[in-house]
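Enquirer: Have a look at this one.
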Amino acid sequence: MLLYIHIPFCDSKCFYCAFNSYVDLFHLKQEYMKALKIQLDLELKKLKNKPLKSIFFGGGTPSCIDFNYYSSIFKSLKPYIDKNTEISTEANPNSASNEWLEGMFDLGVNRVSFGVQSFDNEKLKFLGRNHNKDQAIKAINNAKKVGYKHINCDIIYDTIKDTKELIQNDLNIIKTLPIDHISAYSLTIEEGTKFFDKTNVKIEDEDMARYIFSTLNNFGFTQYEISNFSKNEKARSKHNFGYWEKDNYLGVGAGAVGCIDETRYYPNKDIQKYISDPLKYEQIEPLEKEDIKFETIFLGLRSAVGVDINILNNNELKKLQILKDEKKVYIKNHRFYNDDFMLADEIVLYLED
Ligand SMILES: C[S@@+](CC[C@H](N)C(=O)[O-])C[C@H]1O[C@@H](n2cnc3c(N)ncnc32)[C@H](O)[C@@H]1O
Ligand code: SF4
């Protein structure tokens, strides 16, 4: 079982981001953390005393909450943490101070994921980020000094600002940093963001994506999902891998999503409503068998997880044979895998047709 905890506060809103986060409700931070603990205590009962595989603090911006506010959360979590539990937090370079990084490390966090997006100051401004290149480099080096073994850096590509030179510079900086994981996301234009409806923001450049993938590979980061690269298997994110393997997950906080035994549930997204009743879900959604099946195939083919052949019907098995003959997939131990994650959508569409 995985656990996701959502922190819906940010110091400022980036122009591309549609995650549930607020920049004007800071006075509610303390009350929010209390409500979070109430929901968490109830959710943890679903574990029946089994340890968690992974805990992920995401956002929003976990680093804009004082680390002391997390200590009661960790008291509740303690019985469900063992030596194998991955405990990750997202962090922004401007708010992840040395003190915050140390505080979270002492509470038990063992993986930190920095939203860097780029090391080019002009591109950072264009994206609406409130940190610069030097702050990002400093925060990553600080995390290493504090003792984090696993450090990730998020970057965004496919923006109008991306030239080969800019991307090359970013990758050259990445090469020098003490990180063992990269998440490289193609910019998506989301409704309700500043970038929505704007031209001159996003580009589609498959060659650039392939250049990024191959350069990261040359630097020793192996791609194990369309957007995720790790230095070795131990550095893979157990949390993300768990999602792609369709593990159950608990979702705690305003804007979190949980999924247990093929039913998704959504705590209230509105912070005020969440604080007034953290145990009331906004929505409970039983998933359709066919949707689960194609999501399993889609996630499996976009990653090194692969797909169990037994879930295919006879017609799909015939198509799988054709894909195998065309060397688009390969089969190992009753699972099929795709080496070129960029072809995942195409393969799923063909199987589904
Ligand atoms: C919840 S956010 C990150 C945490 C932290 N608040 C930060 O921004 O530094 C997770 C990551 O999703 C990526 N992301 C968010 N919106 C995106 C979009 N529209 N297109 C591509 N990547 C996006 C960014 O790389 C971001 O770092
Ligand atoms: S990218 Fe991160 S910092 Fe920016 S608005 Fe989204 S959650 Fe907040």
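Simple scheme: letters A, B, ... for chains in structure tokens order, numbers from 1 for residues in each chain, numbers from 1 for ligands in the order shown.
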Check which residues fall inside 7 Å of ligand 1 when counting only C-alpha atoms and all ligand atoms, and print them as a PDB file with N, CA and C atoms, in the first residue's frame.
Expert:
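So the final result, stored in part32.pdb, reads:
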```pdb
ATOM      1  N   CYS A  10       1.071  27.053  -2.052  1.00  0.00           N
ATOM      2  CA  CYS A  10       2.275  27.421  -2.809  1.00  0.00           C
ATOM      3  C   CYS A  10       2.572  28.889  -2.558  1.00  0.00           C
ATOM      4  N   TYR A  16       1.950  27.262 -15.652  1.00  0.00           N
ATOM      5  CA  TYR A  16       1.521  26.024 -16.328  1.00  0.00           C
ATOM      6  C   TYR A  16       0.743  25.095 -15.403  1.00  0.00           C
ATOM      7  N   CYS A  17       0.660  25.407 -14.102  1.00  0.00           N
ATOM      8  CA  CYS A  17       0.304  24.387 -13.118  1.00  0.00           C
ATOM      9  C   CYS A  17      -1.170  24.379 -12.736  1.00  0.00           C
ATOM     10  N   ALA A  18      -1.770  23.187 -12.815  1.00  0.00           N
ATOM     11  CA  ALA A  18      -3.186  23.053 -12.463  1.00  0.00           C
ATOM     12  C   ALA A  18      -3.371  22.220 -11.192  1.00  0.00           C
ATOM     13  N   PHE A  19      -2.286  21.962 -10.472  1.00  0.00           N
ATOM     14  CA  PHE A  19      -2.430  21.196  -9.228  1.00  0.00           C
ATOM     15  C   PHE A  19      -3.249  21.997  -8.213  1.00  0.00           C
ATOM     16  N   GLY A  58       3.179  15.485  -1.400  1.00  0.00           N
ATOM     17  CA  GLY A  58       3.220  16.220  -2.666  1.00  0.00           C
ATOM     18  C   GLY A  58       2.353  17.461  -2.586  1.00  0.00           C
ATOM     19  N   GLY A  59       2.354  18.205  -3.682  1.00  0.00           N
ATOM     20  CA  GLY A  59       1.572  19.434  -3.577  1.00  0.00           C
ATOM     21  C   GLY A  59       1.138  19.966  -4.912  1.00  0.00           C
ATOM     22  N   GLY A  60       0.955  21.234  -4.849  1.00  0.00           N
ATOM     23  CA  GLY A  60       1.380  22.204  -3.873  1.00  0.00           C
ATOM     24  C   GLY A  60       2.863  22.074  -3.481  1.00  0.00           C
ATOM     25  N   THR A  61       3.160  22.703  -2.389  1.00  0.00           N
ATOM     26  CA  THR A  61       4.554  22.803  -1.981  1.00  0.00           C
ATOM     27  C   THR A  61       4.750  22.394  -0.525  1.00  0.00           C
ATOM     28  N   GLU A  90       8.112  16.445  -1.939  1.00  0.00           N
ATOM     29  CA  GLU A  90       8.435  17.432  -2.954  1.00  0.00           C
ATOM     30  C   GLU A  90       8.926  18.689  -2.251  1.00  0.00           C
ATOM     31  N   ALA A  91       9.701  19.498  -2.956  1.00  0.00           N
ATOM     32  CA  ALA A  91      10.217  20.727  -2.360  1.00  0.00           C
ATOM     33  C   ALA A  91      10.519  21.721  -3.461  1.00  0.00           C
ATOM     34  N   ASN A  92      10.322  23.006  -3.162  1.00  0.00           N
ATOM     35  CA  ASN A  92      10.708  24.066  -4.103  1.00  0.00           C
ATOM     36  C   ASN A  92      12.050  24.639  -3.687  1.00  0.00           C
ATOM     37  N   PRO A  93      12.919  24.941  -4.633  1.00  0.00           N
ATOM     38  CA  PRO A  93      14.250  25.455  -4.276  1.00  0.00           C
ATOM     39  C   PRO A  93      14.216  26.710  -3.404  1.00  0.00           C
ATOM     40  N   PHE A 114      12.960  17.856  -6.006  1.00  0.00           N
ATOM     41  CA  PHE A 114      12.938  19.299  -6.217  1.00  0.00           C
ATOM     42  C   PHE A 114      12.268  19.648  -7.547  1.00  0.00           C
ATOM     43  N   GLY A 115      11.346  20.608  -7.476  1.00  0.00           N
ATOM     44  CA  GLY A 115      10.773  21.145  -8.710  1.00  0.00           C
ATOM     45  C   GLY A 115      11.731  22.202  -9.236  1.00  0.00           C
ATOM     46  N   VAL A 116      12.561  21.835 -10.187  1.00  0.00           N
ATOM     47  CA  VAL A 116      13.568  22.759 -10.717  1.00  0.00           C
ATOM     48  C   VAL A 116      13.070  23.342 -12.051  1.00  0.00           C
ATOM     49  N   GLN A 117      12.613  22.493 -12.910  1.00  0.00           N
ATOM     50  CA  GLN A 117      12.043  22.816 -14.244  1.00  0.00           C
ATOM     51  C   GLN A 117      13.095  23.241 -15.258  1.00  0.00           C
ATOM     52  N   ASP A 154      12.937  17.638 -10.977  1.00  0.00           N
ATOM     53  CA  ASP A 154      11.932  17.700 -12.055  1.00  0.00           C
ATOM     54  C   ASP A 154      12.352  18.742 -13.077  1.00  0.00           C
ATOM     55  N   ILE A 155      12.271  18.397 -14.340  1.00  0.00           N
ATOM     56  CA  ILE A 155      12.452  19.432 -15.367  1.00  0.00           C
ATOM     57  C   ILE A 155      11.274  19.382 -16.360  1.00  0.00           C
ATOM     58  N   ILE A 156      11.067  20.503 -17.028  1.00  0.00           N
ATOM     59  CA  ILE A 156       9.989  20.589 -18.026  1.00  0.00           C
ATOM     60  C   ILE A 156      10.611  20.955 -19.376  1.00  0.00           C
ATOM     61  N   TYR A 185       9.380  16.197 -17.775  1.00  0.00           N
ATOM     62  CA  TYR A 185       8.003  16.233 -18.257  1.00  0.00           C
ATOM     63  C   TYR A 185       7.874  17.125 -19.478  1.00  0.00           C
ATOM     64  N   SER A 186       7.127  16.630 -20.461  1.00  0.00           N
ATOM     65  CA  SER A 186       6.765  17.480 -21.585  1.00  0.00           C
ATOM     66  C   SER A 186       5.685  18.440 -21.071  1.00  0.00           C
ATOM     67  N   LEU A 187       5.824  19.725 -21.387  1.00  0.00           N
ATOM     68  CA  LEU A 187       4.846  20.713 -20.912  1.00  0.00           C
ATOM     69  C   LEU A 187       3.445  20.320 -21.378  1.00  0.00           C
ATOM     70  N   THR A 188       2.493  20.261 -20.445  1.00  0.00           N
ATOM     71  CA  THR A 188       1.096  20.084 -20.864  1.00  0.00           C
ATOM     72  C   THR A 188       0.352  21.372 -20.562  1.00  0.00           C
ATOM     73  N   ILE A 189      -0.517  21.726 -21.477  1.00  0.00           N
ATOM     74  CA  ILE A 189      -1.278  22.967 -21.296  1.00  0.00           C
ATOM     75  C   ILE A 189      -2.593  22.602 -20.616  1.00  0.00           C
ATOM     76  N   GLU A 190      -2.779  23.137 -19.431  1.00  0.00           N
ATOM     77  CA  GLU A 190      -3.921  22.749 -18.602  1.00  0.00           C
ATOM     78  C   GLU A 190      -4.933  23.887 -18.521  1.00  0.00           C
TER      79      GLU A 190
END
```
Enquirer: Can you tell me which residues surround Gly128 (chain A) at a distance of at most 9 Å, considering only C-alpha atoms, apart from same-chain residues fewer than 6 positions away, and format the answer as a PyMOL selection string?
Expert: chain A and resi 12-16
Enquirer: At a cut-off of 9 Å, using only C-alpha atoms, what residues contact Leu299 (chain A)? Leave out same-chain residues fewer than 3 positions from it and give the result as a count of residues only.
Expert: 14
Enquirer: Give me, as an mmCIF file with C-alpha atoms, in the first residue's frame, all polymer residues having an atom no more than 10 Å from region 320-332 of chain A, counting only C-alpha atoms and skipping those fewer than 5 positions away in the same chain.
Expert:
```cif
data_model
loop_
_atom_site.group_PDB
_atom_site.id
_atom_site.type_symbol
_atom_site.label_atom_id
_atom_site.label_comp_id
_atom_site.auth_asym_id
_atom_site.auth_seq_id
_atom_site.Cartn_x
_atom_site.Cartn_y
_atom_site.Cartn_z
ATOM 1 C CA LEU A 301 3.647 0.014 -21.637
ATOM 2 C CA GLY A 306 5.094 -4.333 -18.541
ATOM 3 C CA VAL A 307 1.719 -6.101 -18.774
ATOM 4 C CA ASP A 308 0.477 -9.562 -17.772
ATOM 5 C CA ILE A 309 -0.510 -11.383 -20.987
ATOM 6 C CA LEU A 312 -5.820 -9.972 -22.987
ATOM 7 C CA ASN A 314 -8.243 -13.810 -27.933
ATOM 8 C CA ASN A 315 -8.528 -10.972 -30.416
ATOM 9 C CA TYR A 337 7.045 -5.058 -22.575
ATOM 10 C CA ASN A 338 7.667 -2.075 -24.793
ATOM 11 C CA ASP A 339 11.167 -0.650 -25.108
ATOM 12 C CA ASP A 340 10.207 2.637 -26.736
ATOM 13 C CA LEU A 343 5.124 4.323 -28.745
ATOM 14 C CA ALA A 344 2.925 3.318 -25.779
ATOM 15 C CA ILE A 347 0.267 0.354 -29.147
ATOM 16 C CA TYR A 350 -4.018 -0.637 -31.749
ATOM 17 C CA LEU A 351 -4.840 -3.226 -29.052
#
```
Enquirer: Would you mind telling me which residue in A:Pro51, A:Gly108, A:Gly220, A:Gly253 lies nearest to Gln272 (chain A) when using only C-alpha atoms?
Expert: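 Among the listed residues, A:Gly253 lies closest to Gln272 (chain A).
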Enquirer: Using Å and a single decimal, report how far CA of Val112 (chain A) sits from CA of Thr215 (chain A).
Expert: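 That distance, rounded to one decimal, is 23.1 Å.
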